[in-house]
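Text of start.txt, listed as compact mmCIF, C-alpha atoms:
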```
# COMPACT_ATOMS: atom_id res chain seq x y z
CA THR A 1 -121.83 -163.69 50.47
CA ASP A 2 -124.06 -162.88 53.43
CA LEU A 3 -123.23 -164.30 56.83
CA THR A 4 -125.83 -166.12 58.91
CA LEU A 5 -124.85 -168.09 62.00
CA SER A 6 -126.76 -169.38 64.97
CA ASN A 7 -125.58 -170.74 68.31
CA ALA A 8 -127.39 -173.99 67.51
CA ASP A 9 -124.77 -174.61 64.79
CA ARG A 10 -121.85 -174.05 67.14
CA ASN A 11 -119.88 -177.12 68.11
CA ALA A 12 -117.20 -177.81 70.69
CA VAL A 13 -114.51 -175.21 69.85
CA LYS A 14 -113.79 -173.11 72.94
CA GLU A 15 -112.22 -169.63 73.17
CA ASP A 16 -109.16 -170.95 75.03
CA GLU A 17 -108.46 -173.53 72.28
CA VAL A 18 -107.75 -170.93 69.58
CA TRP A 19 -105.15 -168.14 69.63
CA VAL A 20 -105.15 -165.18 67.25
CA TYR A 21 -102.28 -162.65 67.22
CA PRO A 22 -101.05 -159.95 66.89
CA VAL A 23 -104.04 -157.81 67.82
CA PRO A 24 -104.41 -155.33 66.35
CA ALA A 25 -103.15 -156.93 63.15
CA GLU A 26 -101.31 -155.00 60.47
CA ASP A 27 -99.71 -157.01 57.66
CA TYR A 28 -100.42 -160.53 58.94
CA LEU A 29 -102.52 -162.46 61.42
CA VAL A 30 -101.59 -165.82 62.95
CA ILE A 31 -104.29 -168.30 63.93
CA GLU A 32 -103.35 -171.31 66.06
CA SER A 33 -105.62 -174.03 67.38
CA ILE A 34 -105.39 -177.27 69.33
CA SER A 35 -107.55 -178.81 66.59
CA THR A 36 -107.10 -178.87 62.81
CA ILE A 37 -108.14 -175.63 61.14
CA GLN A 38 -110.06 -176.41 57.97
CA ARG A 39 -111.35 -173.03 56.84
CA ILE A 40 -111.28 -169.37 57.86
CA GLU A 41 -113.31 -166.36 56.83
CA LEU A 42 -112.66 -162.72 57.61
CA VAL A 43 -115.92 -160.76 57.61
CA ASP A 44 -116.38 -157.02 57.98
CA LEU A 45 -119.12 -155.65 60.22
CA THR A 46 -121.50 -155.24 57.27
CA GLY A 47 -121.40 -159.02 56.78
CA LYS A 48 -119.22 -158.96 53.67
CA VAL A 49 -116.64 -161.75 53.45
CA VAL A 50 -113.37 -159.94 52.66
CA PHE A 51 -111.12 -163.02 52.80
CA GLN A 52 -111.58 -166.77 52.90
CA GLU A 53 -109.36 -169.81 52.72
CA SER A 54 -110.79 -173.30 52.67
CA ALA A 55 -107.86 -175.67 52.09
CA ILE A 56 -105.88 -175.33 55.30
CA GLN A 57 -105.85 -178.70 57.17
CA ASP A 58 -103.28 -177.57 59.77
CA ASP A 59 -103.26 -176.35 63.37
CA ARG A 60 -101.61 -173.04 62.37
CA TYR A 61 -102.39 -170.56 59.62
CA GLN A 62 -100.87 -167.19 58.79
CA LEU A 63 -103.15 -164.77 56.96
CA ASN A 64 -100.92 -162.40 55.01
CA GLY A 65 -102.37 -159.18 53.75
CA SER A 66 -103.42 -155.76 54.82
CA PHE A 67 -107.07 -154.81 55.20
CA PRO A 68 -108.65 -151.43 55.93
CA ARG A 69 -108.43 -150.45 59.60
CA GLY A 70 -111.43 -151.49 61.62
CA SER A 71 -113.19 -154.36 63.38
CA TYR A 72 -113.73 -157.73 61.75
CA LEU A 73 -115.17 -161.09 62.66
CA LEU A 74 -112.84 -164.03 62.13
CA LEU A 75 -114.71 -167.30 61.61
CA ILE A 76 -112.53 -170.31 62.30
CA TYR A 77 -113.82 -173.71 61.22
CA SER A 78 -112.01 -176.77 62.55
CA ASP A 79 -112.52 -180.50 62.70
CA ARG A 80 -114.30 -179.93 66.04
CA GLY A 81 -116.72 -177.16 65.01
CA TRP A 82 -116.44 -173.40 64.59
CA LEU A 83 -115.68 -170.28 66.58
CA VAL A 84 -116.02 -166.54 65.92
CA LYS A 85 -113.42 -164.08 67.21
CA LYS A 86 -113.60 -160.30 66.92
CA ILE A 87 -110.33 -158.80 65.73
CA LEU A 88 -108.94 -155.39 64.91
CA TYR A 89 -106.88 -154.50 61.86
```
Show me this structure written as structure tokens.
Amino acid sequence: TDLTLSNADRNAVKEDEVWVYPVPAEDYLVIESISTIQRIELVDLTGKVVFQESAIQDDRYQLNGSFPRGSYLLLIYSDRGWLVKKILY
């Protein structure tokens, strides 16, 4: 799946409303939000979706799994919109 996003699609999720840790991640990554997380996608820098989960419906999610070392984009979709965070594995 190719990734195409524009700022026009971005809604009201702000950087300080979502926490992602530990960074760099190793075996797991925790995502917390003040709003309900509905879906996440982990995308490598070539645009390839390497992980996705779409049935979350909670304000906290733990992504378990190890991915090759490098930079990724974490797309977090919530009931208030979406946000992209750059993370390191």
Mind giving me the straight-line distance from CA of Phe67 (chain A) to CA of Ser54 (chain A) in Å, one decimal?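 CA of Ser54 (chain A) lies 19.0 Å from CA of Phe67 (chain A).
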Please, what is the axis-aligned box for every listed atom of region 13-21 of chain A with 5 Å on each side, as centre and edge lengths in Å to one decimal, as JSON?
```
{"center_x": -108.4, "center_y": -168.9, "center_z": 71.1, "size_x": 22.2, "size_y": 22.6, "size_z": 17.8}
```
CA of Arg39 (chain A) to CA of Arg69 (chain A): how many Å, to one decimal?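 Pair CA of Arg39 (chain A) / CA of Arg69 (chain A) returns 22.9 Å.
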At a cut-off of 12 Å, using all atoms listed in the file, what residues contact Val13 (chain A)? Leave out same-chain residues fewer than 3 positions from it and give the result as JSON, numbers by chain. {"A": [9, 10, 16, 17, 18, 19, 33, 34, 35, 36, 37, 75, 76, 77, 78, 79, 80, 81, 82, 83, 84, 85]}
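Nearest to Asp59 (chain A) of all the residues A:Leu42, A:Ala25, A:Lys86, A:Val30 is A:Val30, counting only C-alpha atoms.
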Length of the CA of Tyr72 (chain A) to CA of Val23 (chain A) vector [Å]: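 Computing the Euclidean distance for CA of Tyr72 (chain A) and CA of Val23 (chain A) yields 11.4 Å.
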Have a look at A:Gly70, A:Val20, A:Asp44, A:Gln57 and name the one nearest to Glu32 (chain A); count only C-alpha atoms.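 Checking each candidate against Glu32 (chain A), we get A:Val20 as the closest.
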From the set A:Leu74, A:Ala55, A:Ile40, A:Leu88, which residue has the shortest atom-to-atom contact distance to Asp27 (chain A), counting all atoms listed in the file?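 Going through A:Leu74, A:Ala55, A:Ile40, A:Leu88 one by one, the smallest distance to Asp27 (chain A) is for A:Leu88.
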Please tell me which residues are no farther than 7 Å from (-103.5, -166.4, 62.2) in the file, counting all atoms listed in the file, and write them as a list in words.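 Protein and nucleic acid residues near the point are Val20, Tyr21, Leu29, Val30, Ile31, Glu32, Arg60, Tyr61, Gln62 and Leu63 of chain A.
Proximity ranking of A:Val43, A:Asp58, A:Val50, A:Tyr89 relative to Leu73 (chain A) places A:Val43 first, based on only C-alpha atoms.
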